[in-house]
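Notes for the one structure printed next.
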Amino acid sequence: MPTTPLIIGHRGSSREAPENTLASFRLAFSQGADGIEADFRLTRDGRIVCLHDAGLARTAGSDLTVAGASLAELERLDLGAWKGEAWRGERIPTLARVLVLLPPGKRLFIEVKCGAEIIEELALDLERAHVSPESIRFLTFDRHLVSSLKERLPAYRTCWLCDYRWRGAWHPSQREVLATLEEIGADGLASRDRAILDVPFVRQLRDRGLELHVWTVDAARAAERLCALGVDSIMTNRPGWLRGALERR
Ligand code: G3P
Ligand code: CA
């Protein structure tokens with residue numbers, strides 16, 4: 001039987017709970033997730049907070065943006081009510097709070113949604129939290145940022161998020177992806193596209209000592225194929241459901 005990859009709650013347990021909130025992260029861990037993926041940005045006053053979008057319109061009905069607001073302004077907003085009354089009162093989490101919540105042995109995938117200006121604060125937050133580098137992965141779509149993170153925080157593994165065709169015309173071959181990973185010094189690939197993933201490609205990643213993470217998988221059949229390929233982790237909006245589905249195999 002193929003081994004089960006790590007199950008990572010994408011934005012927490014975000015099918016049920018408001019994404020990127022402490023409630024969503026706690027729910028993911030209570031449902032048996034091995035880790036969580038969360039999106040991080042820098043506020044106007046230089047604090048790292050957890051939010052997917054640049055602005056607060058979708059999740060808080062506010063015109064504020066993270067980059068244009070202070071932490072105090074952002075903390076006044078409600079990020080739970082849009083998902084249902086039961087979640088009203090959820091606030092924007094700082095990275096520091098997410099790190100405190102991380103149970104021993106569990107993983108935090110930190111997707112950096114802004115530029116290199118976040119790096120020094122990231123280093124400070126991680127140092128203060130005394131987390132093991134093994135429990136952390138940095139993810140970013142930005143190839144230059146992969147190299148910058150590797151240079152400043154070499155003890156931590158940084159994986160490149162390759163978005164393939166869905167963000168435009170660029171649709172690299174397996175060879176181009178491998179060349180890019182090497183060029184930017186990434187520790188692994190995080191892939192949305194599953195068609196590119198086949199046995200020879202996964203073997204080539206392994207031969208280079210690279211990790212392979214896949215997002216966002218909310219269907220059993222796709223997850224089973226990825227288990228058979230031997231991916232390192234599957235990011236899902238439904239970690240509890242996926243844990244159950246893979247255990248029933
Ligand atoms: O980290 C993988 C995935 O979360 C990247 O896409 O838009 O969901 O942040 P997005
Ligand atoms: Ca993300």
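Chain identifiers are assigned as A, B, and so on, following the order in which chains appear in the structure tokens; residues are numbered from 1 within each chain, and ligands are numbered from 1 in order of appearance.
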Item to complete: With only C-alpha atoms and all ligand atoms counted, collect every polymer residue having an atom within 8 Å of ligand 2; state the result as a ChimeraX atom specification.
Response: /A:10-11,37-39,52,111,113
Fill in: Protein and nucleic acid residues within 12 Å of ligand 1 (only C-alpha atoms and all ligand atoms) as a count of residues only
57
Item to complete: Compare A:Gly35, A:Pro18, A:Gly61, A:Gly55 by their minimum atom-to-atom distance to Gly84 in chain A, counting only C-alpha atoms, and give me the closest one.
Response: A:Pro18
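Contact shell of Ala96 in chain A at 10 Å (only C-alpha atoms; same-chain neighbours under 2 positions omitted): Arg47, Ile48, Val49, Pro93, Thr94, Val98, Leu99, Val100, Leu101, Leu122, Leu124, Asp125, Leu126, Arg128 and Ala129 of chain A.
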With N, CA and C atoms retained, write the just-selected residues as an mmCIF file, in the first residue's frame.
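Result file again08.cif:
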```cif
data_model
loop_
_atom_site.group_PDB
_atom_site.id
_atom_site.type_symbol
_atom_site.label_atom_id
_atom_site.label_comp_id
_atom_site.auth_asym_id
_atom_site.auth_seq_id
_atom_site.Cartn_x
_atom_site.Cartn_y
_atom_site.Cartn_z
ATOM 1 N N ARG A 47 4.287 44.540 10.694
ATOM 2 C CA ARG A 47 3.954 43.286 11.388
ATOM 3 C C ARG A 47 3.465 42.261 10.362
ATOM 4 N N ILE A 48 3.690 40.995 10.662
ATOM 5 C CA ILE A 48 3.277 39.943 9.721
ATOM 6 C C ILE A 48 1.919 39.382 10.147
ATOM 7 N N VAL A 49 0.976 39.458 9.221
ATOM 8 C CA VAL A 49 -0.373 38.938 9.493
ATOM 9 C C VAL A 49 -0.764 37.941 8.408
ATOM 10 N N PRO A 93 -5.016 36.882 12.365
ATOM 11 C CA PRO A 93 -3.919 36.427 13.224
ATOM 12 C C PRO A 93 -2.574 37.009 12.783
ATOM 13 N N THR A 94 -1.707 37.261 13.759
ATOM 14 C CA THR A 94 -0.312 37.565 13.426
ATOM 15 C C THR A 94 0.430 36.244 13.238
ATOM 16 N N VAL A 98 0.149 32.459 15.277
ATOM 17 C CA VAL A 98 0.041 31.168 14.594
ATOM 18 C C VAL A 98 1.166 30.243 15.067
ATOM 19 N N LEU A 99 2.350 30.804 15.268
ATOM 20 C CA LEU A 99 3.482 29.982 15.714
ATOM 21 C C LEU A 99 3.242 29.452 17.134
ATOM 22 N N VAL A 100 2.613 30.256 17.978
ATOM 23 C CA VAL A 100 2.299 29.793 19.341
ATOM 24 C C VAL A 100 1.299 28.643 19.296
ATOM 25 N N LEU A 101 0.387 28.713 18.354
ATOM 26 C CA LEU A 101 -0.680 27.699 18.252
ATOM 27 C C LEU A 101 -0.178 26.367 17.685
ATOM 28 N N LEU A 122 10.163 38.256 9.377
ATOM 29 C CA LEU A 122 9.997 36.798 9.390
ATOM 30 C C LEU A 122 11.097 36.146 10.238
ATOM 31 N N LEU A 124 12.817 37.510 12.605
ATOM 32 C CA LEU A 124 12.617 37.864 14.012
ATOM 33 C C LEU A 124 11.520 37.020 14.650
ATOM 34 N N ASP A 125 10.377 36.919 13.964
ATOM 35 C CA ASP A 125 9.251 36.141 14.513
ATOM 36 C C ASP A 125 9.651 34.681 14.740
ATOM 37 N N LEU A 126 10.372 34.115 13.795
ATOM 38 C CA LEU A 126 10.757 32.706 13.913
ATOM 39 C C LEU A 126 11.768 32.524 15.038
ATOM 40 N N ARG A 128 12.082 34.418 17.728
ATOM 41 C CA ARG A 128 11.402 34.602 19.020
ATOM 42 C C ARG A 128 10.576 33.370 19.401
ATOM 43 N N ALA A 129 10.020 32.682 18.399
ATOM 44 C CA ALA A 129 9.130 31.553 18.681
ATOM 45 C C ALA A 129 9.895 30.262 18.953
#
```
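Minimum distance to Glu211 in chain A across A:Ile119, A:Val231, A:Ala223, A:Val177 (counting only C-alpha atoms) occurs at A:Val231.
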Discussion item. Can you tell me which residues surround Leu229 in chain A at a distance of at most 8 Å, considering only C-alpha atoms, apart from same-chain residues fewer than 2 positions away, and format the answer as a PyMOL selection string?
Written reply: chain A and resi 198-199+202+225-227+231
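For Glu151 in chain A, the non-local neighbours within 12 Å, defined as residues at least 2 positions apart in the same chain or in other chains and counting only C-alpha atoms, are Ala116, Ile119, Glu120, Ala123, His144, Leu145, Val146, Ser147, Ser148, Leu149, Leu153, Pro154, Ala155, Tyr156, Arg157, Thr158, Ile184, Gly185 and Ala186 of chain A.
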Those same residues, written as a compact mmCIF listing (two decimals), in the first residue's frame with N, CA and C atoms?
```
# COMPACT_ATOMS: atom_id res chain seq x y z
N ALA A 116 10.16 40.84 -0.68
CA ALA A 116 11.29 40.59 0.22
C ALA A 116 11.29 41.49 1.45
N ILE A 119 11.15 39.77 4.91
CA ILE A 119 12.11 38.76 5.36
C ILE A 119 12.68 39.03 6.75
N GLU A 120 13.05 40.28 7.05
CA GLU A 120 13.67 40.53 8.36
C GLU A 120 12.68 40.29 9.51
N ALA A 123 12.32 36.58 10.00
CA ALA A 123 13.45 36.03 10.76
C ALA A 123 13.27 36.30 12.25
N HIS A 144 12.46 35.05 -7.46
CA HIS A 144 13.54 35.81 -6.83
C HIS A 144 13.46 35.70 -5.30
N LEU A 145 12.22 35.67 -4.82
CA LEU A 145 12.04 35.59 -3.36
C LEU A 145 12.51 34.24 -2.82
N VAL A 146 12.37 33.18 -3.61
CA VAL A 146 12.92 31.87 -3.18
C VAL A 146 14.40 32.05 -2.87
N SER A 147 15.12 32.64 -3.79
CA SER A 147 16.58 32.81 -3.61
C SER A 147 16.87 33.71 -2.41
N SER A 148 16.10 34.78 -2.24
CA SER A 148 16.33 35.69 -1.12
C SER A 148 16.08 35.01 0.22
N LEU A 149 15.01 34.22 0.29
CA LEU A 149 14.71 33.50 1.54
C LEU A 149 15.82 32.50 1.85
N LEU A 153 17.70 32.94 5.28
CA LEU A 153 17.26 31.94 6.27
C LEU A 153 17.58 30.53 5.75
N PRO A 154 18.87 30.22 5.62
CA PRO A 154 19.25 28.95 4.98
C PRO A 154 18.86 27.70 5.76
N ALA A 155 18.56 27.83 7.05
CA ALA A 155 18.19 26.64 7.83
C ALA A 155 16.78 26.17 7.49
N TYR A 156 16.01 27.05 6.84
CA TYR A 156 14.61 26.73 6.53
C TYR A 156 14.48 26.30 5.08
N ARG A 157 13.58 25.35 4.82
CA ARG A 157 13.38 24.91 3.44
C ARG A 157 12.34 25.80 2.74
N THR A 158 12.67 26.15 1.51
CA THR A 158 11.83 27.04 0.72
C THR A 158 11.44 26.34 -0.58
N ILE A 184 17.09 28.72 -9.01
CA ILE A 184 16.73 29.59 -7.87
C ILE A 184 17.12 28.96 -6.53
N GLY A 185 17.61 27.72 -6.56
CA GLY A 185 18.07 27.07 -5.33
C GLY A 185 16.95 26.61 -4.43
N ALA A 186 15.80 26.29 -5.01
CA ALA A 186 14.65 25.86 -4.18
C ALA A 186 14.90 24.48 -3.57
```
Worksheet item: Skipping near chain neighbours, those fewer than 6 positions away, what residues fall within 12 Å of Arg248 in chain A using only C-alpha atoms, listed as a ChimeraX atom specification?
Response: /A:1,4,220,224,241-242
